[in-house]
Amino acid sequence: MNSSPNINSPERWDRPFGPDMTENDVDRALEFSALGAVDPNLFPKNRPLREIIKNDGRIVHYKRGDIIIRNGDYGNSVFLILQGCVRIVINEPREQHRPKKGRRSFFRAVSQLWRNATVPERRDVSIYENSASKIRRGEVTSAQVHLTDVSGYIATHETIQLAEGTSFGEIAALSRTPRTATVFAETELELLELRWQGLRDIRRRDAGIRETFNQHYRKNRLEAQLRSSPLLAHLDTESLGEIIKHTLLEMYGSEDWFYAYMKIEARESSDVIAAEPVIIEQHSYLDGLLLICSGHARLSEGLDHGERTVGYLKSNDAFGLEEIMDQWRNGTELLAQRSLRAVGHVEVLRIPTALVEKHILPSLPASLLPELKNADNVLAWDADSQEKGLEQSLLDFFTDQRIINGTETMMINTARCTGCDDCVRACAATHDNNPRFIRHGPVHGNIQVANSCMHCADPVCLVECPTGAIGQSVIDGRVMIDDPLCIGCGNCANSCPYNNIQLVEVRNRSGDFIIDTETSAPIVKATKCDLCFGQLGGPACQRACPHDALVRMDLHNMDEVLGWIGK
Amino acid sequence: MTFASRRFGALCLSIVLAAGLIWLAMAYDLTLRDASYLTGWLLFGGVVLASTFNMRKKLPFLPLLNASIWLQIHIYIGWLLVVLFFLHTSLEWPLGWFEGVLWFLFVLVSLSGLIGLFLSRSLPVRIQNHGERLIFERIPQFRAELADEVEVLATRSVRETASNTIALYYVNRLQAYFSGPKNLVAHLLESRAALTKHRREIDSLERYLQEDGREILANIKDLIVAKDNLDYQYSLQLVLRLWLFVHIPLTYALLLVALVHIVLTYAFSGATL
């Protein structure tokens, strides 16, 4: 007799974002928010607007003084104000209002010695049978922070008020970047919180909502974005106001760039570069300072018949300052000394040259003044000509393989790794006896980038997730999978250009596969590295390596990378 | 901190500690007390401490310092234990079979540790410099795939070249070569003799073949090189795994015999008074 447990195959809206949403709530959302202007006829029958709001939205209430989002949180949802008003705090440090991370107790950690499963991918079936919303892994729901003296806080901080009918949080949710401001309830508040999958569907179909969000961006976010750049941080409000007025937001590369990237055979350098949209070509006219808002861009220069990668730019890096300064000082022609290409999806702010010369350069601190380098007469193999001090071929490897996306990339020094697999065993021991990475992956010299989730700065695995099961932790941006919410569609695994997400068939405590009642197929879940969430001491893999061969590394911190390579 | 500066610091500290231990043992002797009790207990305590490294590996979910720090402590304690061993035994051969067993166990554990350290530092570099590094557990699968490929080529040669030269060479020489890991010791010693011999044999066959047969032979030659690389990886990775199967059981045996040694020492200590 077959003892395998049967459950219905999970689907997108099995677990609505807000399980208590009613038709009345949907009516209210449509009546009091910008969603009322969205044309319902633009939506297909199997995914109508009302169902999106009902299943991807939830009504949330806040009291005066409650903090709704914090500067630096990773956002997976947008908030539409139905009743009341909020205050956005400008220029508040990220450390404010942050709770401590949740960790398991010492005894619970030790109990893994005897409580770990003897069968692979064991799950508690009851968590799938109960459709009530659970606490999402990686989120701190109990960490509600409250301001006691709201009036005093408003009086002493620079804030902007948002009232009924407006929204906030959409840019962070859509661009997978941290929130740039703290928002708190100024009055009793009722919000519609829409998870980004729903927001994405609505935005794709309705031009009006797209335009609304663009306006919100310019009004609410652009200033914070510009202020976060060291080049503009010193400007007064008036100067910044003029810059905001004339700055353009441009987007390069598709949001689902990974599909095209994964089709490039063997990821040959010339093919990879050719597929990257050009933001500006070397020796072409430079009409402004380019600031990277999100994503990564390749900095390169022509050399012989090829393109030599000089470095890569990330969020808040600027392009063109050297050239503008040279023109400003010496009157040289304003031409880009290097090419800039979008590595994936990149958002760029273009500040007109005249405004850079008028406001930024005259008051720029000496420490930020760039040195103008002569791009001619460089050698293809010359490490000294690298801005980052990285060997040319290694820089090419990091950029061509898109490893620059990683903030917690697992790198192994193969000249030190004995293959003892202590890292794999440690990973398994901290994940119910299921290792969450493979000690295998692309290699350059003695550096191997293992198949382990890199917790990307631009986590494209999130893009096609229909349920929001995979998302960024609000605290530190690590990419987490909410197992009960995962329907095993495999979109995340297919989207990950690094093959770092695995789909597994799950079992109950007895070791029997959990079976879909309808199709009799095993239930599948996506799994990956969670950086040992909740474990004491952090990622077990790195701590378990006796030979100092394995590290988790942020590829945006070049000093750290160089320090490790030169160790 | 670079590895070199870490090594220098740990070495200096170890030398100071070793000097301290020697001074302590000499001072103990000067006070007319039996220093072998002190060095014996320090020796036993040191072995116990060094062996807790293995326990640390079993508890990856606890914040017990990084395993790399534990390994450094393990290595340098090992060096200090050698110093203590010399102090304890006064560089004399053991008396009786039981002391002999204990003596040899300590020497074997120390030597296996030393060899293991050498292997752990030298073999990864050799593996890395020898083509693509493979996952050890996957090597048998790759080997089976190569064996299938070479068999297909040998069969094809009979059908397409109307010659049995390649097929006979396959049956007499290659079938056994591809059936399992070969030349393990030679690879450890970095010897290329086996591969060179195969190449020589292949080259000598060419004169008996026409163009189509030579093409097949060239493919077989590539597969032989690939198999040689697999064997190389297998040999070195196997040794990297196996030395621990010597070092750890011997350590447990040493602890057990040392414990009996302590009991016997105290049981018969009255006779020395």
# chains A, B, ... in the order shown; residues from 1 in each chain; ligands from 1

$ residues_around --residues "Leu38 of chain B" --least-positions-apart "4" --cutoff "8 Å" --atoms "only C-alpha atoms" --output "list of chain:residue names"
B:Ala25, B:Asp34, B:Leu42

$ residues_around --residues "Thr182 of chain A" --least-positions-apart "3" --cutoff "6 Å" --atoms "only C-alpha atoms" --output "ChimeraX atom specification"
/A:69-71,88-89

$ write_last_selection --atoms "N, CA and C atoms" --output "PDB file, in the first residue's frame"
ATOM      1  N   ILE A  69       8.409  51.288   6.913  1.00  0.00           N
ATOM      2  CA  ILE A  69       9.642  50.757   6.319  1.00  0.00           C
ATOM      3  C   ILE A  69      10.816  51.587   6.837  1.00  0.00           C
ATOM      4  N   ARG A  70      11.978  50.964   6.836  1.00  0.00           N
ATOM      5  CA  ARG A  70      13.162  51.657   7.320  1.00  0.00           C
ATOM      6  C   ARG A  70      14.166  51.852   6.188  1.00  0.00           C
ATOM      7  N   ASN A  71      14.881  52.933   6.273  1.00  0.00           N
ATOM      8  CA  ASN A  71      15.962  53.181   5.314  1.00  0.00           C
ATOM      9  C   ASN A  71      16.922  51.989   5.351  1.00  0.00           C
ATOM     10  N   ILE A  88       7.767  60.695   5.145  1.00  0.00           N
ATOM     11  CA  ILE A  88       9.031  60.109   4.668  1.00  0.00           C
ATOM     12  C   ILE A  88      10.160  60.912   5.302  1.00  0.00           C
ATOM     13  N   VAL A  89      11.077  60.216   5.950  1.00  0.00           N
ATOM     14  CA  VAL A  89      12.192  60.896   6.618  1.00  0.00           C
ATOM     15  C   VAL A  89      13.351  61.010   5.639  1.00  0.00           C
TER      16      VAL A  89
END

$ residues_around --residues "Leu291 of chain A" --least-positions-apart "3" --cutoff "10 Å" --atoms "only C-alpha atoms" --output "compact mmCIF listing (two decimals) with all heavy atoms, in the first residue's frame"
# COMPACT_ATOMS: atom_id res chain seq x y z
N GLN A 225 18.43 59.56 -4.05
CA GLN A 225 19.36 58.84 -4.90
C GLN A 225 20.61 59.69 -5.19
O GLN A 225 21.73 59.22 -5.09
CB GLN A 225 18.66 58.50 -6.22
CG GLN A 225 19.42 57.52 -7.06
CD GLN A 225 18.77 56.17 -7.03
OE1 GLN A 225 17.57 56.08 -7.25
NE2 GLN A 225 19.54 55.14 -6.75
N LEU A 226 20.36 60.94 -5.54
CA LEU A 226 21.48 61.83 -5.85
C LEU A 226 22.30 62.14 -4.60
O LEU A 226 23.52 62.20 -4.64
CB LEU A 226 20.97 63.13 -6.49
CG LEU A 226 20.38 62.99 -7.90
CD1 LEU A 226 19.71 64.27 -8.35
CD2 LEU A 226 21.47 62.59 -8.90
N SER A 229 25.08 59.80 -3.58
CA SER A 229 26.35 59.79 -4.31
C SER A 229 27.34 60.73 -3.62
O SER A 229 27.01 61.88 -3.33
CB SER A 229 26.11 60.26 -5.76
OG SER A 229 27.36 60.54 -6.35
N LEU A 231 29.62 62.35 -4.80
CA LEU A 231 29.90 63.52 -5.64
C LEU A 231 28.90 64.65 -5.41
O LEU A 231 29.19 65.81 -5.68
CB LEU A 231 29.88 63.13 -7.12
CG LEU A 231 30.92 62.13 -7.59
CD1 LEU A 231 30.70 61.79 -9.05
CD2 LEU A 231 32.32 62.68 -7.38
N LEU A 249 16.51 59.94 -16.08
CA LEU A 249 16.66 58.56 -15.65
C LEU A 249 16.60 57.68 -16.90
O LEU A 249 15.63 57.73 -17.66
CB LEU A 249 15.54 58.15 -14.68
CG LEU A 249 15.52 56.67 -14.31
CD1 LEU A 249 16.73 56.28 -13.48
CD2 LEU A 249 14.24 56.31 -13.55
N GLY A 288 26.98 64.36 -20.46
CA GLY A 288 26.67 64.53 -19.04
C GLY A 288 27.38 63.51 -18.19
O GLY A 288 28.01 62.58 -18.68
N SER A 294 21.36 51.51 -10.19
CA SER A 294 21.28 50.10 -9.81
C SER A 294 21.86 49.26 -10.94
O SER A 294 21.91 49.71 -12.08
CB SER A 294 19.84 49.67 -9.52
OG SER A 294 19.08 49.73 -10.69
N LEU A 313 31.40 49.22 -12.91
CA LEU A 313 30.80 50.23 -12.05
C LEU A 313 29.58 49.63 -11.39
O LEU A 313 28.85 48.83 -11.99
CB LEU A 313 30.39 51.47 -12.86
CG LEU A 313 31.49 52.18 -13.65
CD1 LEU A 313 30.96 53.48 -14.23
CD2 LEU A 313 32.69 52.48 -12.77
N LYS A 314 29.33 50.02 -10.17
CA LYS A 314 28.17 49.54 -9.43
C LYS A 314 27.38 50.75 -8.94
O LYS A 314 27.72 51.89 -9.31
CB LYS A 314 28.62 48.67 -8.27
CG LYS A 314 29.62 49.34 -7.37
CD LYS A 314 30.21 48.41 -6.36
CE LYS A 314 31.04 49.17 -5.34
NZ LYS A 314 32.15 49.93 -5.92
N SER A 315 26.37 50.49 -8.17
CA SER A 315 25.49 51.54 -7.69
C SER A 315 26.31 52.68 -7.04
O SER A 315 27.20 52.41 -6.23
CB SER A 315 24.52 50.94 -6.67
OG SER A 315 23.63 51.93 -6.23
N ASN A 316 25.98 53.90 -7.43
CA ASN A 316 26.61 55.13 -6.91
C ASN A 316 27.95 55.46 -7.55
O ASN A 316 28.54 56.47 -7.21
CB ASN A 316 26.80 55.07 -5.38
CG ASN A 316 25.64 55.70 -4.67
OD1 ASN A 316 24.81 56.37 -5.30
ND2 ASN A 316 25.54 55.46 -3.39
N ASP A 317 28.45 54.62 -8.45
CA ASP A 317 29.67 54.96 -9.17
C ASP A 317 29.33 55.91 -10.31
O ASP A 317 28.20 55.91 -10.81
CB ASP A 317 30.34 53.70 -9.73
CG ASP A 317 31.04 52.90 -8.65
OD1 ASP A 317 31.29 53.46 -7.57
OD2 ASP A 317 31.33 51.71 -8.87
N ALA A 318 30.30 56.71 -10.70
CA ALA A 318 30.05 57.72 -11.74
C ALA A 318 30.94 57.47 -12.94
O ALA A 318 32.03 56.92 -12.83
CB ALA A 318 30.32 59.11 -11.17
N PHE A 319 30.46 57.91 -14.09
CA PHE A 319 31.24 57.81 -15.33
C PHE A 319 31.27 59.18 -15.97
O PHE A 319 30.24 59.86 -16.08
CB PHE A 319 30.57 56.81 -16.29
CG PHE A 319 31.25 56.70 -17.63
CD1 PHE A 319 32.27 55.78 -17.82
CD2 PHE A 319 30.89 57.53 -18.69
CE1 PHE A 319 32.91 55.68 -19.05
CE2 PHE A 319 31.52 57.45 -19.91
CZ PHE A 319 32.53 56.51 -20.09
N GLY A 320 32.45 59.59 -16.39
CA GLY A 320 32.55 60.82 -17.17
C GLY A 320 33.10 62.01 -16.42
O GLY A 320 33.32 63.07 -17.00
N LEU A 321 33.33 61.85 -15.13
CA LEU A 321 33.78 63.00 -14.35
C LEU A 321 35.17 63.47 -14.80
O LEU A 321 35.42 64.67 -14.90
CB LEU A 321 33.80 62.63 -12.85
CG LEU A 321 34.03 63.81 -11.90
CD1 LEU A 321 32.90 64.82 -12.01
CD2 LEU A 321 34.16 63.33 -10.46
N GLU A 347 20.22 50.97 -14.30
CA GLU A 347 19.53 52.26 -14.28
C GLU A 347 20.59 53.34 -14.08
O GLU A 347 21.45 53.23 -13.21
CB GLU A 347 18.50 52.30 -13.15
CG GLU A 347 17.32 51.39 -13.45
CD GLU A 347 16.29 51.36 -12.34
OE1 GLU A 347 16.44 52.10 -11.36
OE2 GLU A 347 15.33 50.59 -12.49
N VAL A 348 20.50 54.35 -14.93
CA VAL A 348 21.53 55.39 -14.96
C VAL A 348 20.87 56.76 -14.86
O VAL A 348 19.84 57.01 -15.48
CB VAL A 348 22.33 55.31 -16.29
CG1 VAL A 348 23.38 56.40 -16.36
CG2 VAL A 348 22.99 53.95 -16.45
N LEU A 349 21.49 57.63 -14.07
CA LEU A 349 21.05 59.03 -14.04
C LEU A 349 22.04 59.85 -14.86
O LEU A 349 23.25 59.72 -14.69
CB LEU A 349 21.03 59.55 -12.60
CG LEU A 349 19.97 58.96 -11.69
CD1 LEU A 349 20.16 59.44 -10.27
CD2 LEU A 349 18.57 59.32 -12.17
N ARG A 350 21.50 60.67 -15.75
CA ARG A 350 22.38 61.49 -16.60
C ARG A 350 22.22 62.96 -16.18
O ARG A 350 21.16 63.55 -16.36
CB ARG A 350 21.98 61.30 -18.07
CG ARG A 350 23.00 61.85 -19.06
CD ARG A 350 22.52 61.64 -20.48
NE ARG A 350 22.58 60.25 -20.89
CZ ARG A 350 23.56 59.72 -21.60
NH1 ARG A 350 24.59 60.47 -21.95
NH2 ARG A 350 23.53 58.45 -21.95
N ILE A 351 23.30 63.50 -15.61
CA ILE A 351 23.27 64.90 -15.17
C ILE A 351 23.96 65.74 -16.24
O ILE A 351 25.13 65.49 -16.57
CB ILE A 351 24.01 65.06 -13.81
CG1 ILE A 351 23.41 64.11 -12.77
CG2 ILE A 351 23.94 66.49 -13.32
CD1 ILE A 351 24.20 64.03 -11.48

$ interface_residues --of "chain A" --to "chain B" --cutoff "7 Å" --atoms "only C-alpha atoms" --output "number ranges by chain"
A: 109, 414-418, 420, 426, 430, 446, 535-537, 540, 543-548, 567

$ closest_residue --among "B:Leu259, B:Met55, B:Phe85, B:Ile77" --to "Leu43 of chain B" --atoms "only C-alpha atoms"
B:Phe85

$ residues_around --residues "segment 206-223 of chain A" --least-positions-apart "6" --cutoff "9 Å" --atoms "only C-alpha atoms" --output "list in words"
Ala34, Leu35, Ala37, Val38, Asp39, Leu42, Ile88, Ile160, Thr166, Ser167, Phe168, Glu170, Ile171, Thr180, Ala181, Leu240, Gly241, Ile244, Lys245, Thr247 and Leu249 of chain A

$ residues_around --residues "Ile139 of chain B" --least-positions-apart "6" --cutoff "9 Å" --atoms "only C-alpha atoms" --output "list in words"
Leu230, Asp231, Gln233 and Tyr234 of chain B

$ write_last_selection --atoms "N, CA and C atoms" --output "compact mmCIF listing (two decimals), in the first residue's frame"
# COMPACT_ATOMS: atom_id res chain seq x y z
N LEU B 230 42.50 11.60 -15.36
CA LEU B 230 41.56 11.10 -14.34
C LEU B 230 42.33 10.32 -13.27
N ASP B 231 43.23 9.46 -13.71
CA ASP B 231 44.02 8.66 -12.76
C ASP B 231 44.88 9.55 -11.87
N GLN B 233 44.24 12.68 -11.01
CA GLN B 233 43.34 13.32 -10.05
C GLN B 233 42.92 12.32 -8.97
N TYR B 234 42.61 11.11 -9.41
CA TYR B 234 42.13 10.08 -8.49
C TYR B 234 43.23 9.74 -7.47

$ atom_distance --atom1 "atom CA of Glu164 of chain A" --atom2 "atom CA of Phe32 of chain A"
7.3 Å

$ closest_residue --among "A:Ala342, A:Ala29, A:Thr187, A:Pro466" --to "Arg47 of chain A" --atoms "only C-alpha atoms"
A:Pro466

$ closest_residue --among "B:Ile15, B:Leu217, B:Leu250, B:Ala193" --to "Tyr169 of chain B" --atoms "only C-alpha atoms"
B:Leu217

$ closest_residue --among "B:His130, B:Trp79, B:Asp228, B:Leu114" --to "Arg143 of chain B" --atoms "only C-alpha atoms"
B:Asp228

$ residues_around --residues "Ile220 of chain B" --least-positions-apart "3" --cutoff "9 Å" --atoms "only C-alpha atoms" --output "list in words"
Glu149, Val150, Leu153, Ala154, Ile202, Glu215, Ile216, Leu217, Leu223, Ile224 and Val225 of chain B

$ atom_distance --atom1 "atom CA of Tyr28 of chain B" --atom2 "atom CA of Val47 of chain B"
21.6 Å

$ atom_distance --atom1 "atom CA of Trp196 of chain A" --atom2 "atom CA of Ser77 of chain A"
4.9 Å

$ closest_residue --among "B:Ser51, B:Ser14, B:Gln141, B:Thr165" --to "Gln210 of chain B" --atoms "only C-alpha atoms"
B:Thr165

$ select_by_dssp --residues "segment 289-510 of chain A" --states "alpha helix (DSSP H)" --output "ChimeraX atom specification"
/A:321-330,353-355,392-400,422-429,491-495

$ closest_residue --among "B:Leu30, B:Ala18, B:Val239, B:Val107" --to "Thr251 of chain B" --atoms "only C-alpha atoms"
B:Val107

$ residues_around --residues "Ser510 of chain A" --least-positions-apart "5" --cutoff "10 Å" --atoms "only C-alpha atoms" --output "ChimeraX atom specification"
/A:3-5,117-119,122-123

$ write_last_selection --atoms "N, CA and C atoms" --output "PDB file, in the first residue's frame"
ATOM      1  N   SER A   3       2.059   4.666   1.057  1.00  0.00           N
ATOM      2  CA  SER A   3       1.816   5.496   2.246  1.00  0.00           C
ATOM      3  C   SER A   3       2.182   6.961   2.005  1.00  0.00           C
ATOM      4  N   SER A   4       2.517   7.289   0.758  1.00  0.00           N
ATOM      5  CA  SER A   4       2.941   8.660   0.469  1.00  0.00           C
ATOM      6  C   SER A   4       1.814   9.636   0.738  1.00  0.00           C
ATOM      7  N   PRO A   5       2.133  10.731   1.430  1.00  0.00           N
ATOM      8  CA  PRO A   5       1.088  11.727   1.694  1.00  0.00           C
ATOM      9  C   PRO A   5       0.718  12.468   0.421  1.00  0.00           C
ATOM     10  N   ALA A 117      17.506  15.190   9.864  1.00  0.00           N
ATOM     11  CA  ALA A 117      16.777  14.107   9.191  1.00  0.00           C
ATOM     12  C   ALA A 117      17.716  13.024   8.673  1.00  0.00           C
ATOM     13  N   THR A 118      17.181  11.823   8.587  1.00  0.00           N
ATOM     14  CA  THR A 118      17.953  10.726   7.984  1.00  0.00           C
ATOM     15  C   THR A 118      17.539  10.522   6.528  1.00  0.00           C
ATOM     16  N   VAL A 119      16.502  11.248   6.100  1.00  0.00           N
ATOM     17  CA  VAL A 119      16.082  11.172   4.690  1.00  0.00           C
ATOM     18  C   VAL A 119      16.307  12.536   4.053  1.00  0.00           C
ATOM     19  N   ARG A 122      13.515  16.435   3.895  1.00  0.00           N
ATOM     20  CA  ARG A 122      12.343  16.157   4.747  1.00  0.00           C
ATOM     21  C   ARG A 122      11.586  17.467   5.012  1.00  0.00           C
ATOM     22  N   ARG A 123      10.279  17.386   4.976  1.00  0.00           N
ATOM     23  CA  ARG A 123       9.445  18.543   5.295  1.00  0.00           C
ATOM     24  C   ARG A 123       8.306  18.118   6.211  1.00  0.00           C
TER      25      ARG A 123
END
